Amino acid sequence: MTQTEEKKEKNGSRSKKIRNIILKILGAIVIAIILFLGIVYITNVISSNSEAKKIESYGQHVSVDGKNMNVLIQGEGKETIVLIPGFGTAAPALDFKLLIDELSPYYKVVAVEPFGYGLSDATEKERTTENIVSEIHEALQQLNIDKYMLMGHSIAGIYGIDYVNKYPDEVTAFVGIDSSVPTQPGMDAKLPVKMFNFLKKSGLQRLVVKFSGDPYAGLAFDEHTVEQMNMLSNKNSNSSTTLNEMGHIASNFKEAQGLTFPKDLPLLFLIQANNTGVKGWIPLHEEQIKDSVHGKVITMDGEHYLHHTLSKEIAEDVRAFMNEAK
């Protein structure tokens, strides 16, 4: 064997050893990832089963479309306020608790938890605005509630504008809490539903939430309520029902673009004073009230969930506005 041939053989042997080492490292990494995902998945299953036993009932169930929809009623006022949550608010009746406590001395407050939210059942029915609105309305019909002010957070601005046009004889006013506007930019984007589905089913969502910090830190919620909301968030966030709703967000916004609020309907928007995420946030809402006989936009210094920190102010503004509208 020549010197050149010996050198080639040594180089080939060395390359083979390096390749084998790399393959072993890659194999170890793959095994580690599989083990990690397996542990995350099993931990999530065990935790979910454990939490399911700790979640406490509140409110009452109403039969809608053959399923149970949960509704919390508080207060005995002559006038009724119906609260509708924003998208992805896992436990609406608890999330609205601070606001409900401020409103209930003066109003009968009805917090509706749509299918897939709070303690309500899941559903396979498409989460179109039409279906969501008709289901909420049916729940109120079952409770014999036929005259009320509709108050909604975030995406409830989209469902609400459809609702008040379908049931104008029932709704006495609409109040938006940093509510969405059909023409706001960016709502035609396709959302990563499949990715969120993977995070949910794999258990990685629980891990991400755990290291994301406490969303209720510094707020006035008591410890027990926070614990319940966190458990319901683990249960409901990115469930099949809410992911179906996520997949319909773009089309629901598009369909709402042809709608306007009735001119004679009292209209109050309580919105962020400084929303850096949506261009023209204040003008968008001012446009919605321009033809209203009694419309008002009030800006507030707070985050998107204004009712977490400004419940007292919201309640005062609502009472003052409704007194003006009479």
# chains A, B, ... in the order shown; residues from 1 in each chain; ligands from 1

call {"tool": "residues_around", "arguments": {"residues": "Asn68 of chain A", "least_positions_apart": "2", "cutoff": "12 Å", "atoms": "only C-alpha atoms", "output": "PyMOL selection string"}}
result
chain A and resi 59-66+70-71+112-123+135-136+138-139+142

call {"tool": "select_by_dssp", "arguments": {"residues": "segment 46-248 of chain A", "states": "strand (DSSP E or B)", "output": "ChimeraX atom specification"}}
result
/A:60-64,67-74,80-84,108-113,148-153,171-177

call {"tool": "residues_around", "arguments": {"residues": "segment 260-267 of chain A", "least_positions_apart": "3", "cutoff": "7 Å", "atoms": "only C-alpha atoms", "output": "PDB file with N, CA and C atoms, in the first residue's frame"}}
result
ATOM      1  N   ILE A 161     -72.162  44.222  17.612  1.00  0.00           N
ATOM      2  CA  ILE A 161     -72.766  45.018  16.537  1.00  0.00           C
ATOM      3  C   ILE A 161     -73.747  44.168  15.730  1.00  0.00           C
ATOM      4  N   THR A 172     -81.073  47.866  25.134  1.00  0.00           N
ATOM      5  CA  THR A 172     -81.347  49.273  25.463  1.00  0.00           C
ATOM      6  C   THR A 172     -80.129  50.172  25.256  1.00  0.00           C
ATOM      7  N   ALA A 173     -78.924  49.575  25.213  1.00  0.00           N
ATOM      8  CA  ALA A 173     -77.692  50.337  25.001  1.00  0.00           C
ATOM      9  C   ALA A 173     -76.561  49.342  24.763  1.00  0.00           C
ATOM     10  N   PHE A 174     -75.479  49.828  24.149  1.00  0.00           N
ATOM     11  CA  PHE A 174     -74.283  48.987  24.020  1.00  0.00           C
ATOM     12  C   PHE A 174     -73.101  49.724  24.622  1.00  0.00           C
ATOM     13  N   VAL A 175     -72.353  49.005  25.458  1.00  0.00           N
ATOM     14  CA  VAL A 175     -71.138  49.553  26.057  1.00  0.00           C
ATOM     15  C   VAL A 175     -69.966  48.657  25.670  1.00  0.00           C
ATOM     16  N   ILE A 289     -69.538  56.208  16.488  1.00  0.00           N
ATOM     17  CA  ILE A 289     -70.602  56.957  17.180  1.00  0.00           C
ATOM     18  C   ILE A 289     -71.038  58.219  16.429  1.00  0.00           C
ATOM     19  N   ASP A 291     -72.868  58.986  13.932  1.00  0.00           N
ATOM     20  CA  ASP A 291     -74.273  59.159  13.565  1.00  0.00           C
ATOM     21  C   ASP A 291     -75.228  58.815  14.710  1.00  0.00           C
ATOM     22  N   SER A 292     -74.659  58.496  15.864  1.00  0.00           N
ATOM     23  CA  SER A 292     -75.482  58.094  16.997  1.00  0.00           C
ATOM     24  C   SER A 292     -76.151  59.293  17.671  1.00  0.00           C
ATOM     25  N   VAL A 293     -77.420  59.137  17.993  1.00  0.00           N
ATOM     26  CA  VAL A 293     -78.159  60.194  18.696  1.00  0.00           C
ATOM     27  C   VAL A 293     -77.553  60.423  20.075  1.00  0.00           C
ATOM     28  N   HIS A 294     -77.106  59.342  20.705  1.00  0.00           N
ATOM     29  CA  HIS A 294     -76.473  59.469  22.023  1.00  0.00           C
ATOM     30  C   HIS A 294     -75.270  58.533  22.077  1.00  0.00           C
ATOM     31  N   GLY A 295     -74.126  59.036  21.613  1.00  0.00           N
ATOM     32  CA  GLY A 295     -72.907  58.247  21.591  1.00  0.00           C
ATOM     33  C   GLY A 295     -71.770  58.968  22.277  1.00  0.00           C
ATOM     34  N   LYS A 296     -70.869  58.205  22.888  1.00  0.00           N
ATOM     35  CA  LYS A 296     -69.767  58.826  23.618  1.00  0.00           C
ATOM     36  C   LYS A 296     -68.553  57.896  23.642  1.00  0.00           C
ATOM     37  N   ALA A 325     -78.681  59.462  28.998  1.00  0.00           N
ATOM     38  CA  ALA A 325     -79.394  58.929  27.832  1.00  0.00           C
ATOM     39  C   ALA A 325     -80.890  58.853  28.044  1.00  0.00           C
TER      40      ALA A 325
END

call {"tool": "closest_residue", "arguments": {"among": "A:Met187, A:Ala315, A:Leu207, A:Ala256", "to": "Val109 of chain A", "atoms": "only C-alpha atoms"}}
result
A:Ala315

call {"tool": "select_by_dssp", "arguments": {"residues": "segment 23-215 of chain A", "states": "alpha helix (DSSP H)", "output": "PyMOL selection string"}}
result
chain A and resi 23-54+92-95+97-103+129-142+156-166+193-202+204-210

call {"tool": "residues_around", "arguments": {"residues": "segment 29-39 of chain A", "least_positions_apart": "2", "cutoff": "12 Å", "atoms": "only C-alpha atoms", "output": "ChimeraX atom specification"}}
result
/A:22-27,41-47,198-199,201-205,207

call {"tool": "residues_around", "arguments": {"residues": "His137 of chain A", "least_positions_apart": "2", "cutoff": "12 Å", "atoms": "only C-alpha atoms", "output": "number ranges by chain"}}
result
A: 62-65, 69, 82, 84, 112-114, 130-135, 139-148, 150, 159-160, 162-164, 166-167, 170-171

call {"tool": "residues_around", "arguments": {"residues": "Ala220 of chain A", "least_positions_apart": "3", "cutoff": "9 Å", "atoms": "only C-alpha atoms", "output": "list in words"}}
result
Leu98, Tyr216, Ala217, His308 and Thr309 of chain A

call {"tool": "write_last_selection", "arguments": {"atoms": "C-alpha atoms", "output": "compact mmCIF listing (two decimals), in the first residue's frame"}}
result
# COMPACT_ATOMS: atom_id res chain seq x y z
CA LEU A 98 -64.33 43.16 40.00
CA TYR A 216 -53.05 38.65 37.80
CA ALA A 217 -50.11 39.92 39.86
CA HIS A 308 -59.13 44.59 35.82
CA THR A 309 -57.89 47.93 37.11

call {"tool": "atom_distance", "arguments": {"atom1": "atom CA of Asp222 of chain A", "atom2": "atom CA of Asp317 of chain A"}}
result
24.8 Å

call {"tool": "closest_residue", "arguments": {"among": "A:Thr225, A:Val193, A:Glu79, A:Ile155", "to": "Asn323 of chain A", "atoms": "only C-alpha atoms"}}
result
A:Glu79

call {"tool": "residues_around", "arguments": {"residues": "segment 85-92 of chain A", "least_positions_apart": "4", "cutoff": "10 Å", "atoms": "only C-alpha atoms", "output": "PyMOL selection string"}}
result
chain A and resi 70-72+96-97+111-114+116-120+151-159+177-180+228-239+242-243+245-246+249+305

call {"tool": "closest_residue", "arguments": {"among": "A:Tyr107, A:Gln74, A:Ser15, A:Glu303", "to": "Ala93 of chain A", "atoms": "only C-alpha atoms"}}
result
A:Gln74

call {"tool": "decode", "arguments": {"residues": "segment 116-129 of chain A", "atoms": "all heavy atoms", "output": "short mmCIF file (atom, residue, chain, number, x, y, z; two decimals), in the first residue's frame"}}
result
data_model
loop_
_atom_site.label_atom_id
_atom_site.label_comp_id
_atom_site.auth_asym_id
_atom_site.auth_seq_id
_atom_site.Cartn_x
_atom_site.Cartn_y
_atom_site.Cartn_z
N GLY A 116 -67.38 26.83 25.34
CA GLY A 116 -65.92 26.77 25.31
C GLY A 116 -65.26 27.67 26.33
O GLY A 116 -64.04 27.67 26.48
N TYR A 117 -66.08 28.44 27.05
CA TYR A 117 -65.56 29.39 28.05
C TYR A 117 -66.07 29.03 29.44
O TYR A 117 -67.18 28.51 29.60
CB TYR A 117 -66.01 30.82 27.72
CG TYR A 117 -65.34 31.41 26.50
CD1 TYR A 117 -65.70 31.01 25.22
CD2 TYR A 117 -64.34 32.38 26.63
CE1 TYR A 117 -65.09 31.56 24.09
CE2 TYR A 117 -63.73 32.93 25.52
CZ TYR A 117 -64.11 32.51 24.26
OH TYR A 117 -63.49 33.06 23.16
N GLY A 118 -65.26 29.35 30.46
CA GLY A 118 -65.69 29.15 31.85
C GLY A 118 -66.14 27.73 32.11
O GLY A 118 -65.43 26.76 31.81
N LEU A 119 -67.34 27.61 32.66
CA LEU A 119 -67.90 26.29 32.99
C LEU A 119 -68.90 25.81 31.95
O LEU A 119 -69.60 24.82 32.16
CB LEU A 119 -68.58 26.36 34.37
CG LEU A 119 -67.69 26.74 35.55
CD1 LEU A 119 -68.50 26.79 36.84
CD2 LEU A 119 -66.52 25.77 35.70
N SER A 120 -68.97 26.50 30.82
CA SER A 120 -69.88 26.09 29.75
C SER A 120 -69.30 24.90 28.99
O SER A 120 -68.09 24.69 28.96
CB SER A 120 -70.13 27.24 28.78
OG SER A 120 -70.84 28.28 29.41
N ASP A 121 -70.19 24.14 28.36
CA ASP A 121 -69.75 22.99 27.56
C ASP A 121 -68.97 23.46 26.33
O ASP A 121 -69.09 24.60 25.89
CB ASP A 121 -70.96 22.18 27.09
CG ASP A 121 -71.63 21.40 28.22
OD1 ASP A 121 -70.99 21.23 29.28
OD2 ASP A 121 -72.78 20.97 28.02
N ALA A 122 -68.22 22.52 25.77
CA ALA A 122 -67.60 22.74 24.47
C ALA A 122 -68.66 22.48 23.40
O ALA A 122 -69.74 21.97 23.71
CB ALA A 122 -66.42 21.79 24.29
N THR A 123 -68.36 22.84 22.18
CA THR A 123 -69.29 22.57 21.08
C THR A 123 -68.51 22.34 19.79
O THR A 123 -67.40 22.87 19.63
CB THR A 123 -70.28 23.74 20.88
OG1 THR A 123 -71.19 23.40 19.83
CG2 THR A 123 -69.56 25.02 20.52
N GLU A 124 -69.09 21.57 18.90
CA GLU A 124 -68.47 21.34 17.59
C GLU A 124 -69.09 22.25 16.54
O GLU A 124 -68.66 22.25 15.38
CB GLU A 124 -68.65 19.87 17.18
CG GLU A 124 -67.89 18.90 18.08
CD GLU A 124 -68.06 17.45 17.66
OE1 GLU A 124 -68.74 17.21 16.65
OE2 GLU A 124 -67.51 16.57 18.34
N LYS A 125 -70.07 23.04 16.94
CA LYS A 125 -70.73 23.96 16.02
C LYS A 125 -69.77 25.09 15.66
O LYS A 125 -69.05 25.61 16.51
CB LYS A 125 -71.99 24.53 16.69
CG LYS A 125 -73.02 25.06 15.72
CD LYS A 125 -74.33 25.31 16.45
CE LYS A 125 -75.43 25.75 15.49
NZ LYS A 125 -76.71 25.97 16.21
N GLU A 126 -69.73 25.47 14.39
CA GLU A 126 -68.79 26.49 13.92
C GLU A 126 -68.96 27.79 14.71
O GLU A 126 -70.07 28.22 15.00
CB GLU A 126 -69.01 26.77 12.43
CG GLU A 126 -68.68 25.60 11.52
CD GLU A 126 -67.22 25.19 11.60
OE1 GLU A 126 -66.35 26.09 11.59
OE2 GLU A 126 -66.94 23.98 11.67
N ARG A 127 -67.82 28.40 15.05
CA ARG A 127 -67.84 29.62 15.87
C ARG A 127 -67.95 30.86 15.01
O ARG A 127 -67.13 31.79 15.09
CB ARG A 127 -66.59 29.69 16.75
CG ARG A 127 -66.43 28.57 17.77
CD ARG A 127 -67.51 28.55 18.82
NE ARG A 127 -68.75 27.94 18.33
CZ ARG A 127 -69.93 28.18 18.84
NH1 ARG A 127 -70.09 29.01 19.83
NH2 ARG A 127 -70.99 27.58 18.36
N THR A 128 -69.00 30.89 14.22
CA THR A 128 -69.32 32.09 13.45
C THR A 128 -70.03 33.08 14.36
O THR A 128 -70.60 32.69 15.39
CB THR A 128 -70.24 31.75 12.27
OG1 THR A 128 -71.46 31.18 12.79
CG2 THR A 128 -69.58 30.75 11.33
N THR A 129 -70.01 34.34 13.98
CA THR A 129 -70.74 35.36 14.75
C THR A 129 -72.20 34.98 14.88
O THR A 129 -72.80 35.10 15.95
CB THR A 129 -70.61 36.73 14.07
OG1 THR A 129 -69.24 37.15 14.11
CG2 THR A 129 -71.46 37.79 14.79
#
